[in-house]
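Student: Take a look at model27.txt, compact mmCIF, C-alpha atoms:
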```
# COMPACT_ATOMS: atom_id res chain seq x y z
CA MET A 1 -4.17 21.28 7.74
CA GLN A 2 -1.92 23.49 9.86
CA ALA A 3 -1.93 20.98 12.71
CA PHE A 4 -1.05 18.24 10.25
CA GLU A 5 1.82 20.32 8.91
CA GLU A 6 3.12 20.51 12.48
CA LEU A 7 2.95 16.72 12.80
CA VAL A 8 4.87 16.33 9.55
CA ALA A 9 7.50 18.77 10.72
CA ARG A 10 7.88 16.96 14.01
CA HIS A 11 8.22 13.42 12.69
CA ARG A 12 9.43 13.82 9.11
CA ASP A 13 13.03 12.84 9.86
CA LYS A 14 12.05 9.60 11.55
CA ILE A 15 9.68 8.58 8.77
CA TYR A 16 12.23 9.47 6.12
CA ALA A 17 14.95 7.58 8.01
CA ARG A 18 12.85 4.40 8.03
CA ALA A 19 12.19 4.71 4.29
CA PHE A 20 15.88 5.33 3.67
CA SER A 21 16.94 2.33 5.77
CA MET A 22 14.80 0.11 3.58
CA MET A 23 15.30 1.65 0.15
CA ARG A 24 18.90 2.87 0.49
CA ASN A 25 18.12 5.66 -1.97
CA GLU A 26 17.57 9.25 -0.89
CA GLU A 27 15.20 10.24 -3.68
CA GLU A 28 13.02 7.17 -3.29
CA ALA A 29 12.99 7.57 0.47
CA ILE A 30 11.84 11.19 0.17
CA ASP A 31 9.07 10.26 -2.28
CA LEU A 32 7.87 7.32 -0.21
CA SER A 33 7.93 9.23 3.04
CA GLN A 34 5.89 12.00 1.44
CA GLU A 35 3.48 9.42 0.06
CA ALA A 36 3.15 8.01 3.56
CA TRP A 37 2.15 11.42 4.88
CA ILE A 38 -0.45 11.80 2.16
CA LYS A 39 -1.84 8.34 2.93
CA SER A 40 -1.95 9.09 6.62
CA TRP A 41 -3.89 12.30 5.95
CA GLN A 42 -6.46 10.28 4.03
CA ARG A 43 -6.61 7.63 6.74
CA LEU A 44 -6.53 9.86 9.78
CA LYS A 45 -10.00 8.62 10.76
CA GLN A 46 -8.55 5.10 11.00
CA PHE A 47 -6.04 6.15 13.61
CA HIS A 48 -7.59 5.33 16.97
CA GLY A 49 -4.51 5.74 19.10
CA GLU A 50 -3.83 2.04 19.77
CA ALA A 51 -0.20 2.76 18.99
CA SER A 52 1.55 6.11 19.03
CA PHE A 53 1.08 8.31 15.99
CA VAL A 54 4.69 7.90 14.95
CA THR A 55 4.42 4.08 15.21
CA TRP A 56 1.30 4.17 13.05
CA MET A 57 3.07 6.41 10.54
CA THR A 58 6.11 4.15 10.52
CA ARG A 59 3.91 1.14 9.68
CA ILE A 60 2.48 3.06 6.74
CA VAL A 61 5.87 3.99 5.35
CA ILE A 62 7.16 0.42 5.86
CA ASN A 63 4.24 -0.97 3.89
CA LEU A 64 4.81 1.52 1.11
CA CYS A 65 8.51 0.60 0.95
CA LEU A 66 7.68 -3.12 0.87
CA ASP A 67 5.19 -2.53 -1.95
CA GLN A 68 7.78 -0.55 -3.85
CA LEU A 69 10.45 -3.23 -3.37
CA ARG A 70 8.01 -5.88 -4.57
CA ARG A 71 7.01 -3.78 -7.58
CA GLN A 72 10.63 -3.31 -8.52
CA LYS A 73 11.19 -7.03 -7.93
CA ARG A 74 14.09 -6.29 -5.64
CA PHE A 75 12.94 -9.18 -3.49
CA ARG A 76 14.13 -12.46 -4.94
CA ALA A 77 11.70 -15.33 -5.19
CA GLU A 78 11.73 -17.26 -1.92
CA SER A 79 12.70 -20.54 -3.55
CA ILE A 80 15.69 -19.03 -5.36
CA GLU A 81 16.85 -17.32 -2.22
CA GLN A 82 16.50 -20.47 -0.17
CA LEU A 83 18.37 -22.52 -2.76
CA ASP A 84 21.09 -19.90 -2.84
CA GLU A 85 21.44 -19.85 0.93
CA GLU A 86 21.27 -23.59 1.39
CA SER A 87 23.77 -24.41 -1.34
CA GLY A 88 26.11 -21.42 -1.03
CA GLY A 89 25.45 -20.23 2.46
CA VAL A 90 28.58 -18.06 2.60
CA GLU A 91 27.43 -16.56 5.88
CA ARG A 92 26.85 -19.99 7.30
CA GLN A 93 30.39 -21.09 6.51
CA MET A 94 31.83 -17.98 8.13
CA PRO A 95 33.82 -18.48 11.30
CA VAL A 96 32.08 -17.17 14.37
CA VAL A 97 33.19 -13.66 15.27
CA THR A 98 32.49 -11.30 18.10
CA PRO A 99 31.74 -7.88 16.72
CA ASN A 100 32.41 -5.41 19.45
CA PRO A 101 33.83 -2.25 17.99
CA THR A 102 32.10 -0.10 20.57
CA GLU A 103 35.29 0.21 22.61
CA ARG A 104 37.12 2.11 19.94
CA LEU A 105 34.38 4.04 18.19
CA GLU A 106 32.37 7.09 19.04
CA ARG A 107 28.64 6.39 19.06
CA ASN A 108 27.96 8.36 15.87
CA GLU A 109 30.86 6.69 14.09
CA LEU A 110 29.62 3.30 15.17
CA ARG A 111 26.17 4.15 13.84
CA GLN A 112 27.66 5.18 10.54
CA ARG A 113 29.53 1.91 10.28
CA ILE A 114 26.48 -0.11 11.13
CA ASP A 115 24.58 1.81 8.48
CA LYS A 116 27.31 1.13 5.94
CA ALA A 117 27.21 -2.58 6.78
CA LEU A 118 23.41 -2.59 6.49
CA GLY A 119 23.82 -1.12 3.03
CA GLN A 120 25.77 -4.19 1.98
CA LEU A 121 22.99 -6.62 2.79
CA SER A 122 20.46 -7.82 0.25
CA TYR A 123 17.02 -6.19 0.37
CA GLU A 124 15.46 -9.31 1.91
CA HIS A 125 18.07 -9.63 4.65
CA ARG A 126 18.14 -5.94 5.47
CA THR A 127 14.35 -5.67 5.62
CA ALA A 128 14.08 -8.62 7.98
CA LEU A 129 16.79 -7.16 10.18
CA VAL A 130 15.39 -3.63 10.19
CA LEU A 131 11.89 -4.85 11.02
CA HIS A 132 13.15 -7.08 13.80
CA GLU A 133 15.91 -5.05 15.42
CA PHE A 134 14.74 -1.50 14.82
CA GLU A 135 10.98 -1.90 14.64
CA ASP A 136 10.85 -4.67 17.21
CA LEU A 137 8.42 -6.78 15.18
CA GLU A 138 7.91 -10.46 15.93
CA TYR A 139 8.67 -13.16 13.34
CA LYS A 140 4.96 -13.62 12.64
CA GLU A 141 4.43 -9.93 11.95
CA ILE A 142 7.51 -9.71 9.72
CA ALA A 143 6.33 -12.76 7.76
CA LYS A 144 2.95 -11.14 7.23
CA ARG A 145 4.46 -7.90 6.01
CA MET A 146 7.09 -9.51 3.82
CA GLU A 147 4.53 -12.02 2.51
CA CYS A 148 6.65 -15.05 3.30
CA SER A 149 6.73 -17.90 5.82
CA ILE A 150 8.01 -17.59 9.39
CA GLY A 151 10.75 -20.07 8.47
CA THR A 152 11.93 -17.75 5.72
CA VAL A 153 11.96 -14.82 8.12
CA MET A 154 14.08 -16.82 10.57
CA SER A 155 16.44 -17.80 7.81
CA ARG A 156 16.73 -14.26 6.45
CA LEU A 157 17.33 -12.90 9.91
CA PHE A 158 19.97 -15.50 10.64
CA TYR A 159 21.95 -14.81 7.47
CA ALA A 160 21.54 -11.08 7.92
CA ARG A 161 22.95 -11.27 11.45
CA ARG A 162 25.82 -13.47 10.42
CA LYS A 163 26.73 -11.16 7.58
CA MET A 164 26.47 -8.11 9.84
CA ALA A 165 28.70 -9.81 12.40
CA GLY A 166 31.28 -10.47 9.69
CA LEU A 167 31.07 -6.95 8.28
CA LEU A 168 31.33 -5.31 11.68
CA ALA A 169 34.24 -7.54 12.68
CA GLY A 170 35.88 -6.62 9.37
CA LEU A 171 35.36 -2.97 10.13
CA LYS A 172 36.97 -3.53 13.47
CA ARG A 173 40.01 -5.16 11.88
CA GLU A 174 40.18 -2.29 9.41
CA GLU A 175 40.02 0.10 12.33
CA LEU A 176 42.90 -1.63 14.05
CA ARG A 177 45.18 -1.46 11.02
CA MET B 1 28.76 -29.14 13.38
CA ILE B 2 25.32 -28.04 14.53
CA THR B 3 22.49 -28.26 12.02
CA HIS B 4 20.84 -25.26 10.39
CA GLU B 5 17.67 -26.09 12.26
CA THR B 6 19.52 -25.83 15.56
CA GLU B 7 21.08 -22.53 14.45
CA LEU B 8 17.64 -21.13 13.78
CA LYS B 9 16.39 -22.45 17.09
CA LEU B 10 19.25 -20.77 18.89
CA GLN B 11 18.32 -17.53 17.19
CA ALA B 12 14.66 -17.98 18.14
CA PHE B 13 15.80 -18.59 21.72
CA LEU B 14 17.72 -15.32 21.63
CA ASP B 15 14.67 -13.51 20.25
CA GLY B 16 12.33 -15.05 22.79
CA GLU B 17 10.33 -16.80 20.10
CA ILE B 18 10.53 -20.32 21.46
CA THR B 19 8.52 -22.49 23.83
CA ALA B 20 9.70 -23.06 27.40
CA ARG B 21 10.30 -26.73 26.64
CA GLU B 22 12.51 -25.97 23.62
CA ALA B 23 14.29 -23.30 25.63
CA ALA B 24 15.23 -25.86 28.26
CA VAL B 25 16.71 -28.16 25.60
CA LEU B 26 18.71 -25.30 24.09
CA LYS B 27 20.00 -24.17 27.46
CA GLU B 28 21.36 -27.62 27.95
CA LEU B 29 22.95 -27.58 24.49
CA LEU B 30 24.57 -24.22 25.20
CA GLY B 31 25.92 -25.66 28.42
CA HIS B 32 27.94 -28.40 26.75
CA ASP B 33 28.41 -27.42 23.08
CA PRO B 34 31.08 -24.70 22.58
CA GLU B 35 30.17 -24.29 18.89
CA ALA B 36 26.55 -23.60 19.72
CA ARG B 37 27.64 -21.30 22.53
CA SER B 38 29.98 -19.20 20.36
CA LEU B 39 27.35 -18.86 17.61
CA PHE B 40 24.82 -17.81 20.20
CA GLU B 41 27.25 -15.24 21.59
CA GLU B 42 27.92 -13.87 18.13
CA MET B 43 24.23 -13.42 17.43
CA LYS B 44 23.69 -11.89 20.84
CA SER B 45 26.49 -9.35 20.52
CA THR B 46 25.40 -8.45 16.96
CA ARG B 47 21.94 -7.85 18.25
CA MET B 48 23.17 -5.74 21.13
CA LEU B 49 25.30 -3.73 18.74
CA LEU B 50 22.39 -2.99 16.41
CA VAL B 51 19.65 -2.17 18.88
CA GLY B 52 19.62 1.54 19.58
CA ASN B 53 22.39 2.21 17.12
CA GLU B 54 20.48 3.06 14.00
CA LEU B 55 21.97 5.99 12.15
CA ASP B 56 20.13 9.23 12.79
CA VAL B 57 19.32 10.15 9.19
CA LYS B 58 18.04 13.66 8.56
CA LEU B 59 16.12 14.99 5.60
CA SER B 60 18.14 17.31 3.42
CA GLU B 61 15.06 19.17 2.17
CA THR B 62 13.76 22.22 4.00
CA ARG B 63 10.56 21.98 6.00
CA GLU B 64 8.69 24.26 3.58
CA PHE B 65 9.83 22.45 0.45
CA TYR B 66 9.09 19.01 1.86
CA TRP B 67 5.67 20.08 3.11
CA SER B 68 4.71 21.92 -0.10
CA LYS B 69 4.77 18.71 -2.12
CA ILE B 70 2.67 16.90 0.50
CA ARG B 71 0.15 19.74 0.65
CA ARG B 72 -0.15 19.95 -3.14
CA GLN B 73 -0.68 16.20 -3.40
CA ILE B 74 -3.25 16.19 -0.60
CA GLU B 75 -5.19 18.89 -2.45
CA VAL B 76 -5.00 16.94 -5.71
CA GLU B 77 -6.12 13.73 -3.99
CA ASP B 78 -8.96 15.52 -2.22
CA ARG B 79 -10.17 16.88 -5.56
CA ARG B 80 -9.82 13.46 -7.15
CA LEU B 81 -11.79 11.83 -4.34
CA SER B 82 -14.59 14.35 -4.64
CA ALA B 83 -14.72 13.93 -8.44
CA PRO B 84 -16.71 10.64 -8.38
CA VAL B 85 -19.44 12.38 -6.41
CA ALA B 86 -19.71 14.99 -9.12
CA ARG B 87 -19.70 12.25 -11.76
CA GLU B 88 -22.46 10.49 -9.90
CA LEU B 89 -24.49 13.66 -9.83
CA MET B 90 -23.93 14.09 -13.54
CA THR B 91 -25.08 10.55 -14.17
CA SER B 92 -28.25 10.95 -12.17
CA TRP B 93 -28.95 14.26 -13.96
CA TRP B 94 -28.39 12.49 -17.27
CA VAL B 95 -30.72 9.69 -16.31
CA ARG B 96 -33.35 11.94 -14.87
CA PHE B 97 -33.54 14.58 -17.56
CA LEU B 98 -31.65 13.75 -20.68
CA VAL B 99 -33.03 10.28 -21.24
CA PRO B 100 -36.70 11.31 -20.99
CA THR B 101 -35.94 14.34 -23.14
CA ALA B 102 -34.32 12.13 -25.75
CA LEU B 103 -37.31 9.78 -25.68
CA LEU B 104 -39.72 12.64 -26.03
CA THR B 105 -37.74 14.05 -28.93
CA ALA B 106 -37.71 10.64 -30.59
CA LEU B 107 -41.48 10.41 -30.15
CA VAL B 108 -42.03 13.85 -31.66
CA VAL B 109 -39.80 12.95 -34.59
CA LEU B 110 -41.74 9.73 -35.05
CA VAL B 111 -45.07 11.54 -35.03
CA VAL B 112 -43.85 14.16 -37.49
CA VAL B 113 -42.43 11.52 -39.80
CA SER B 114 -45.63 9.48 -39.66
CA ILE B 115 -47.71 12.60 -40.38
CA ARG B 116 -45.46 13.50 -43.28
CA THR B 117 -45.77 9.97 -44.61
CA ARG B 118 -49.53 10.11 -44.30
CA GLU B 119 -49.53 13.49 -46.05
CA GLY B 120 -47.61 12.00 -48.91
CA SER B 121 -49.83 8.94 -49.35
CA SER B 122 -53.32 10.14 -48.46
CA PRO B 123 -55.46 13.01 -49.76
CA GLN B 124 -54.65 16.42 -48.33
CA TRP B 125 -58.23 17.33 -47.47
CA ALA B 126 -58.04 16.62 -43.78
CA TRP B 127 -55.26 19.11 -43.17
CA GLU B 128 -56.28 21.52 -45.86
CA GLU B 129 -59.71 21.82 -44.35
CA GLY B 130 -58.44 21.50 -40.78
CA HIS B 131 -60.22 18.21 -40.09
CA GLU B 132 -58.74 15.26 -38.26
CA ILE B 133 -60.23 11.85 -37.46
CA GLU B 134 -58.68 9.71 -34.79
CA THR B 135 -59.38 6.22 -33.60
CA PRO B 136 -56.89 6.03 -30.75
CA LEU B 137 -58.05 2.78 -29.24
CA GLU B 138 -59.72 0.54 -31.73
CA GLU B 139 -60.56 -2.09 -29.18
CA THR B 140 -62.76 0.35 -27.26
CA SER B 141 -64.43 1.42 -30.46
CA SER B 142 -64.07 5.14 -29.91
CA PHE B 143 -63.78 7.70 -32.68
CA SER B 144 -63.04 11.34 -32.47
CA PHE B 145 -63.57 14.06 -35.02
CA ARG B 146 -61.91 17.39 -34.69
CA SER B 147 -62.35 20.31 -37.02
CA GLU B 148 -60.04 23.27 -36.85
CA ALA B 149 -62.30 25.26 -39.16
CA ALA B 150 -65.37 24.66 -37.10
CA ALA B 151 -63.43 24.74 -33.85
CA MET B 152 -65.17 21.59 -32.68
CA THR B 153 -64.38 18.09 -31.48
CA VAL B 154 -66.84 15.20 -31.48
CA VAL B 155 -66.15 11.86 -29.82
CA TRP B 156 -68.15 8.69 -30.51
CA VAL B 157 -67.86 5.92 -28.06
CA ASP B 158 -69.20 2.50 -28.90
CA SER B 159 -70.28 0.81 -25.70
CA HIS B 160 -70.38 -2.62 -27.41
CA HIS B 161 -73.94 -3.18 -26.24
CA GLU B 162 -75.79 -5.38 -28.67
```
The structure in this file should be written as structure tokens.

Tutor:
Amino acid sequence: MQAFEELVARHRDKIYARAFSMMRNEEEAIDLSQEAWIKSWQRLKQFHGEASFVTWMTRIVINLCLDQLRRQKRFRAESIEQLDEESGGVERQMPVVTPNPTERLERNELRQRIDKALGQLSYEHRTALVLHEFEDLEYKEIAKRMECSIGTVMSRLFYARRKMAGLLAGLKREELR
Amino acid sequence: MITHETELKLQAFLDGEITAREAAVLKELLGHDPEARSLFEEMKSTRMLLVGNELDVKLSETREFYWSKIRRQIEVEDRRLSAPVARELMTSWWVRFLVPTALLTALVVLVVVSIRTREGSSPQWAWEEGHEIETPLEETSSFSFRSEAAAMTVVWVDSHHE
């Protein structure tokens, strides 16, 4: 148990950060990250070292977050979302921008702005983006985890990127004012 | 204006999730279509901006406080997981001992009730004098006589020989 406590201490911030990036709620992220540690303790025998321990732990917390989001019905039904995007498609109508605020911002400030922009995305778009860009998962793997088709993943990722581009370009304009 | 399908293909090209044949077609498109090219550049720069720039979020709770909840829950779960084993043991104990005991008790009650009934309907002499006649298996034609007073038991067995 003492060795496990050490593992928790070493990786707790990373696991919590992943939960927070998906739930956008500190309390929920703490609870889910703790639940992930409890689950991992129970499943330690299943960890064979194919991936690193922290990768394995991150997968557990991601699954718990996805379950929670589904339970709370924060994910819209695929058909509604698709209809919404195809008919409205605000992001699709957006003019193309080139978000490049790196020149003017310190790294930490840039990270904070990216995080703020991520917070403005819908749960579906943010999850797709987080799993792809930060967890480096392929479309197929994201589709499996989000229980949707690969086409939906591609669509979600596309709109998420477009919205992020717009938000980050907006932040840049705001910065210039 | 490029179609949504082409937009998604451009994205898949950026993410390396496209076949070599499709990639060749898209490269050609990017070569002559400025709209496709600027969209591709936007997606590319957004991607570059995001990768490696996730906010470094830290837990506000102390190590001890955070761990204490995990430890408590692990202990609760461990107890809960071991509970079914105990339940199983209880069940087998119940099956092994309580059920036969209950059956035996029921049998004793049945015997007592039947004796009481017989006492009520038949003459008391057999018990009063300590005599008892049994024919346990009529089909074998055996009879037993037991006398408490005489401290003796006699068994007649009919061998059915004619």

Student: What's the 12 Å shell around Leu118 in chain A, counting only C-alpha atoms, without same-chain residues fewer than 3 positions away, as a VMD selection string?

Tutor: (chain A and resid 20 to 24 111 to 115 121 to 130 133 160 to 168) or (chain B and resid 50 53 to 55)

Student: For chain B, which of A:Met146, A:Ile38, A:Ile15, A:Ile62 is the closest residue, counting only C-alpha atoms?

Tutor: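 The closest residue to chain B is A:Ile38.
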
Student: What residues in chain B lie within 7 Å of chain A, counting only C-alpha atoms, written as number ranges by chain?

Tutor: B: 8, 38-39, 42-43, 45-46, 50-51, 53-55, 57-59, 63, 67, 70, 74

Student: Around (8.8, -12.3, 4.1) in the file's own coordinates, what residues are found within 9 Å if you use all atoms listed in the file, given back as a PDB file with C-alpha atoms, in the coordinates of the input?

Tutor:
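Once everything was written out, this is selection-v2.pdb:
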```pdb
ATOM      1  CA  GLU A  78      11.730 -17.260  -1.920  1.00  0.00           C
ATOM      2  CA  GLU A 124      15.460  -9.310   1.910  1.00  0.00           C
ATOM      3  CA  THR A 127      14.350  -5.670   5.620  1.00  0.00           C
ATOM      4  CA  ALA A 128      14.080  -8.620   7.980  1.00  0.00           C
ATOM      5  CA  ILE A 142       7.510  -9.710   9.720  1.00  0.00           C
ATOM      6  CA  ALA A 143       6.330 -12.760   7.760  1.00  0.00           C
ATOM      7  CA  LYS A 144       2.950 -11.140   7.230  1.00  0.00           C
ATOM      8  CA  ARG A 145       4.460  -7.900   6.010  1.00  0.00           C
ATOM      9  CA  MET A 146       7.090  -9.510   3.820  1.00  0.00           C
ATOM     10  CA  GLU A 147       4.530 -12.020   2.510  1.00  0.00           C
ATOM     11  CA  CYS A 148       6.650 -15.050   3.300  1.00  0.00           C
ATOM     12  CA  SER A 149       6.730 -17.900   5.820  1.00  0.00           C
ATOM     13  CA  ILE A 150       8.010 -17.590   9.390  1.00  0.00           C
ATOM     14  CA  THR A 152      11.930 -17.750   5.720  1.00  0.00           C
ATOM     15  CA  VAL A 153      11.960 -14.820   8.120  1.00  0.00           C
ATOM     16  CA  ARG A 156      16.730 -14.260   6.450  1.00  0.00           C
TER      17      ARG A 156
END
```

Student: What is the CA of Val54 in chain A-CA of Gly119 in chain A distance in Å, reported with one decimal?

Tutor: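 Spanning CA of Val54 in chain A to CA of Gly119 in chain A is a straight-line distance of 24.3 Å.
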
Student: Just the residues within 9 Å of Ser40 in chain A, please, counting only C-alpha atoms, with nothing from its chain fewer than 4 positions along; format it as a PyMOL selection string.

Tutor: chain A and resi 35-36+44+46-47+56-57+60

Student: List as a list in words the protein and nucleic acid residues near Lys9 in chain B, meaning an atom at most 10 Å away when all atoms listed in the file are counted, but skip any in the same chain fewer than 6 places from it.

Tutor: Met154 of chain A; Thr3, Asp15, Glu17, Ile18, Glu22, Ala23 and Leu26 of chain B

Student: Could you write those residues out with C-alpha atoms, as a PDB file, in the frame of the given file?

Tutor:
```
ATOM      1  CA  MET A 154      14.080 -16.820  10.570  1.00  0.00           C
TER       2      MET A 154
ATOM      3  CA  THR B   3      22.490 -28.260  12.020  1.00  0.00           C
ATOM      4  CA  ASP B  15      14.670 -13.510  20.250  1.00  0.00           C
ATOM      5  CA  GLU B  17      10.330 -16.800  20.100  1.00  0.00           C
ATOM      6  CA  ILE B  18      10.530 -20.320  21.460  1.00  0.00           C
ATOM      7  CA  GLU B  22      12.510 -25.970  23.620  1.00  0.00           C
ATOM      8  CA  ALA B  23      14.290 -23.300  25.630  1.00  0.00           C
ATOM      9  CA  LEU B  26      18.710 -25.300  24.090  1.00  0.00           C
TER      10      LEU B  26
END
```

Student: What is the CA of Ser52 in chain A to CA of Cys65 in chain A distance in Å?

Tutor: 20.1 Å

Student: Please indicate the distance in Å from CA of Glu106 in chain A to CA of Gln120 in chain A, rounded to one decimal place.

Tutor: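 Those two atoms sit 21.5 Å apart.
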